[in-house]
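Below is one structure, written out as structure tokens; the observations come after it.
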Amino acid sequence: MHHEFKFGGEKYEITIAKDGQTWLLGDYTASVCDDGRVLVISPDGSTKFAHSAKVGDTWWIHYAGHTFCLEKTEPGSQDNDSDQGMTAPMPGKILEVKVKDGQSVEAGELLLVMEAMKMEHRIVAPKSGKISKISFSVGDQVQQGDTLVEMAD
């Protein structure tokens, strides 16, 4: 399973392998030991222990005398400045579409409502602008990361 993290403004993809709790971090591998500690193996084969703590969607990693703050970014998050579309935070079903193509909206205005995991998720405009495309209708099933609504600059 691939996860995307942001560190120092850069995005990194981390792969969590299916064979237990092993992570592939670029050229590094991390595994959870029986005692709960995380062992990191570098590309040259040397090993060091890392300690981690999760607060919300942020991971604090202590490794080799350094502290790294990794922010997890899920498909559907709205922190990508180049992406003008609002995306589904998880698989679900569209319950309501509150806007039309060409409509002007204000930041924070409700665009649509979707149901996922028996909960309603409200998709709101991250900024003021004009709706340029609505990709789904009421009743449509969507997948995590699907672009639901696009806005023009």
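For the structure tokens, the naming scheme is as follows: chains receive sequential letters (A, B, ...) according to their order of presentation, residues are indexed from 1 within each chain, and ligands are indexed from 1 in presentation order.
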Task: All residues 10 Å or closer to segment 132-145 of chain A, only C-alpha atoms, same chain fewer than 2 positions away omitted, as an NGL selection string - done: :A and (74-77 or 84-97 or 99-104 or 111-116 or 129-130 or 147-153)
Kindly save the residues from that selection, with N, CA and C atoms included, as an mmCIF file, in the first residue's frame.
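And here is the file that came out, out_33.cif:
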```cif
data_model
loop_
_atom_site.group_PDB
_atom_site.id
_atom_site.type_symbol
_atom_site.label_atom_id
_atom_site.label_comp_id
_atom_site.auth_asym_id
_atom_site.auth_seq_id
_atom_site.Cartn_x
_atom_site.Cartn_y
_atom_site.Cartn_z
ATOM 1 N N GLU A 74 -3.560 12.333 2.231
ATOM 2 C CA GLU A 74 -4.398 11.306 1.627
ATOM 3 C C GLU A 74 -4.920 11.786 0.286
ATOM 4 N N PRO A 75 -5.183 10.852 -0.632
ATOM 5 C CA PRO A 75 -5.898 11.269 -1.833
ATOM 6 C C PRO A 75 -7.202 11.927 -1.405
ATOM 7 N N GLY A 76 -7.517 13.048 -1.996
ATOM 8 C CA GLY A 76 -8.707 13.773 -1.610
ATOM 9 C C GLY A 76 -8.410 14.955 -0.717
ATOM 10 N N SER A 77 -7.177 15.033 -0.185
ATOM 11 C CA SER A 77 -6.852 16.196 0.626
ATOM 12 C C SER A 77 -6.721 17.412 -0.265
ATOM 13 N N GLN A 84 -6.855 22.156 -8.817
ATOM 14 C CA GLN A 84 -8.019 23.017 -8.639
ATOM 15 C C GLN A 84 -9.276 22.206 -8.384
ATOM 16 N N GLY A 85 -9.193 20.882 -8.335
ATOM 17 C CA GLY A 85 -10.370 20.051 -8.134
ATOM 18 C C GLY A 85 -10.502 19.593 -6.695
ATOM 19 N N MET A 86 -11.742 19.401 -6.256
ATOM 20 C CA MET A 86 -12.008 18.847 -4.947
ATOM 21 C C MET A 86 -12.211 17.356 -5.147
ATOM 22 N N THR A 87 -11.560 16.541 -4.327
ATOM 23 C CA THR A 87 -11.565 15.100 -4.552
ATOM 24 C C THR A 87 -12.182 14.344 -3.382
ATOM 25 N N ALA A 88 -12.614 13.127 -3.661
ATOM 26 C CA ALA A 88 -13.262 12.279 -2.661
ATOM 27 C C ALA A 88 -12.249 11.833 -1.613
ATOM 28 N N PRO A 89 -12.560 12.025 -0.328
ATOM 29 C CA PRO A 89 -11.638 11.618 0.722
ATOM 30 C C PRO A 89 -11.587 10.110 0.929
ATOM 31 N N MET A 90 -12.613 9.397 0.434
ATOM 32 C CA MET A 90 -12.675 7.934 0.545
ATOM 33 C C MET A 90 -13.771 7.440 -0.393
ATOM 34 N N PRO A 91 -13.848 6.133 -0.648
ATOM 35 C CA PRO A 91 -14.927 5.628 -1.505
ATOM 36 C C PRO A 91 -16.285 5.931 -0.884
ATOM 37 N N GLY A 92 -17.265 6.259 -1.712
ATOM 38 C CA GLY A 92 -18.586 6.567 -1.182
ATOM 39 C C GLY A 92 -19.601 6.823 -2.276
ATOM 40 N N LYS A 93 -20.717 7.419 -1.875
ATOM 41 C CA LYS A 93 -21.847 7.670 -2.773
ATOM 42 C C LYS A 93 -22.234 9.146 -2.659
ATOM 43 N N ILE A 94 -22.510 9.779 -3.803
ATOM 44 C CA ILE A 94 -22.923 11.172 -3.818
ATOM 45 C C ILE A 94 -24.390 11.263 -3.369
ATOM 46 N N LEU A 95 -24.648 12.053 -2.328
ATOM 47 C CA LEU A 95 -26.004 12.229 -1.809
ATOM 48 C C LEU A 95 -26.661 13.498 -2.336
ATOM 49 N N GLU A 96 -25.896 14.597 -2.401
ATOM 50 C CA GLU A 96 -26.439 15.878 -2.858
ATOM 51 C C GLU A 96 -25.374 16.635 -3.634
ATOM 52 N N VAL A 97 -25.793 17.326 -4.678
ATOM 53 C CA VAL A 97 -24.920 18.253 -5.404
ATOM 54 C C VAL A 97 -25.558 19.623 -5.233
ATOM 55 N N VAL A 99 -24.259 22.690 -6.227
ATOM 56 C CA VAL A 99 -23.829 23.734 -7.168
ATOM 57 C C VAL A 99 -24.068 23.286 -8.602
ATOM 58 N N LYS A 100 -23.940 24.244 -9.537
ATOM 59 C CA LYS A 100 -24.088 23.963 -10.967
ATOM 60 C C LYS A 100 -22.842 24.445 -11.699
ATOM 61 N N ASP A 101 -22.594 23.878 -12.894
ATOM 62 C CA ASP A 101 -21.494 24.356 -13.734
ATOM 63 C C ASP A 101 -21.647 25.852 -13.964
ATOM 64 N N GLY A 102 -20.536 26.582 -13.847
ATOM 65 C CA GLY A 102 -20.545 28.014 -14.107
ATOM 66 C C GLY A 102 -20.940 28.865 -12.916
ATOM 67 N N GLN A 103 -21.372 28.234 -11.835
ATOM 68 C CA GLN A 103 -21.801 28.981 -10.655
ATOM 69 C C GLN A 103 -20.596 29.555 -9.917
ATOM 70 N N SER A 104 -20.702 30.786 -9.426
ATOM 71 C CA SER A 104 -19.671 31.398 -8.580
ATOM 72 C C SER A 104 -19.921 30.971 -7.139
ATOM 73 N N LEU A 111 -20.353 22.437 -1.571
ATOM 74 C CA LEU A 111 -20.451 22.065 -2.981
ATOM 75 C C LEU A 111 -21.266 20.789 -3.159
ATOM 76 N N LEU A 112 -20.971 19.780 -2.351
ATOM 77 C CA LEU A 112 -21.726 18.530 -2.421
ATOM 78 C C LEU A 112 -21.582 17.763 -1.128
ATOM 79 N N VAL A 113 -22.472 16.789 -0.973
ATOM 80 C CA VAL A 113 -22.462 15.924 0.206
ATOM 81 C C VAL A 113 -22.333 14.501 -0.291
ATOM 82 N N MET A 114 -21.433 13.741 0.323
ATOM 83 C CA MET A 114 -21.288 12.332 -0.019
ATOM 84 C C MET A 114 -21.365 11.499 1.246
ATOM 85 N N GLU A 115 -21.731 10.238 1.069
ATOM 86 C CA GLU A 115 -21.794 9.303 2.177
ATOM 87 C C GLU A 115 -20.660 8.312 2.017
ATOM 88 N N ALA A 116 -19.918 8.110 3.092
ATOM 89 C CA ALA A 116 -18.840 7.121 3.104
ATOM 90 C C ALA A 116 -18.734 6.572 4.520
ATOM 91 N N GLY A 129 -14.354 31.194 -6.265
ATOM 92 C CA GLY A 129 -14.107 30.983 -7.687
ATOM 93 C C GLY A 129 -15.372 30.556 -8.411
ATOM 94 N N LYS A 130 -15.170 30.030 -9.606
ATOM 95 C CA LYS A 130 -16.286 29.616 -10.455
ATOM 96 C C LYS A 130 -16.174 28.113 -10.713
ATOM 97 N N THR A 147 -11.801 13.103 -8.668
ATOM 98 C CA THR A 147 -12.116 14.541 -8.704
ATOM 99 C C THR A 147 -13.620 14.703 -8.787
ATOM 100 N N LEU A 148 -14.206 15.385 -7.806
ATOM 101 C CA LEU A 148 -15.648 15.553 -7.725
ATOM 102 C C LEU A 148 -16.097 16.839 -8.423
ATOM 103 N N VAL A 149 -15.412 17.932 -8.122
ATOM 104 C CA VAL A 149 -15.752 19.248 -8.622
ATOM 105 C C VAL A 149 -14.453 19.967 -8.970
ATOM 106 N N GLU A 150 -14.454 20.696 -10.096
ATOM 107 C CA GLU A 150 -13.295 21.496 -10.474
ATOM 108 C C GLU A 150 -13.679 22.964 -10.492
ATOM 109 N N MET A 151 -12.708 23.801 -10.143
ATOM 110 C CA MET A 151 -12.926 25.250 -10.138
ATOM 111 C C MET A 151 -11.937 25.910 -11.093
ATOM 112 N N ALA A 152 -12.402 26.957 -11.765
ATOM 113 C CA ALA A 152 -11.527 27.750 -12.631
ATOM 114 C C ALA A 152 -10.807 28.779 -11.765
ATOM 115 N N ASP A 153 -9.654 29.204 -12.224
ATOM 116 C CA ASP A 153 -8.903 30.253 -11.495
ATOM 117 C C ASP A 153 -9.625 31.564 -11.509
#
```
Open item on the list: For a quick check of understanding, using only C-alpha atoms, which of A:Glu10, A:Thr67, A:Ala30, A:Val105 has the smallest distance to Ser42 of chain A?
Closed with: A:Ala30
Open item on the list: Using only C-alpha atoms for the distances, tell me which of A:Ser46, A:Ser31, A:Ser52, A:Ser128 is nearest to Phe68 of chain A.
Closed with: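 Smallest distance to Phe68 of chain A is found for A:Ser52.
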- [ ] For Val40 of chain A, work out the shell of residues within 6 Å, counting only C-alpha atoms and skipping chain neighbours fewer than 6 positions away, then give it as a list in words.
- [x]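 Once the nearby chain positions are removed, what remains is Thr29, Ala30, Thr47, Lys48 and Phe49 of chain A.
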Open item on the list: Could you tell me how far atom CA of Asp146 of chain A sits from atom CA of Lys118 of chain A, in Å to one decimal place?
Closed with: 18.8 Å
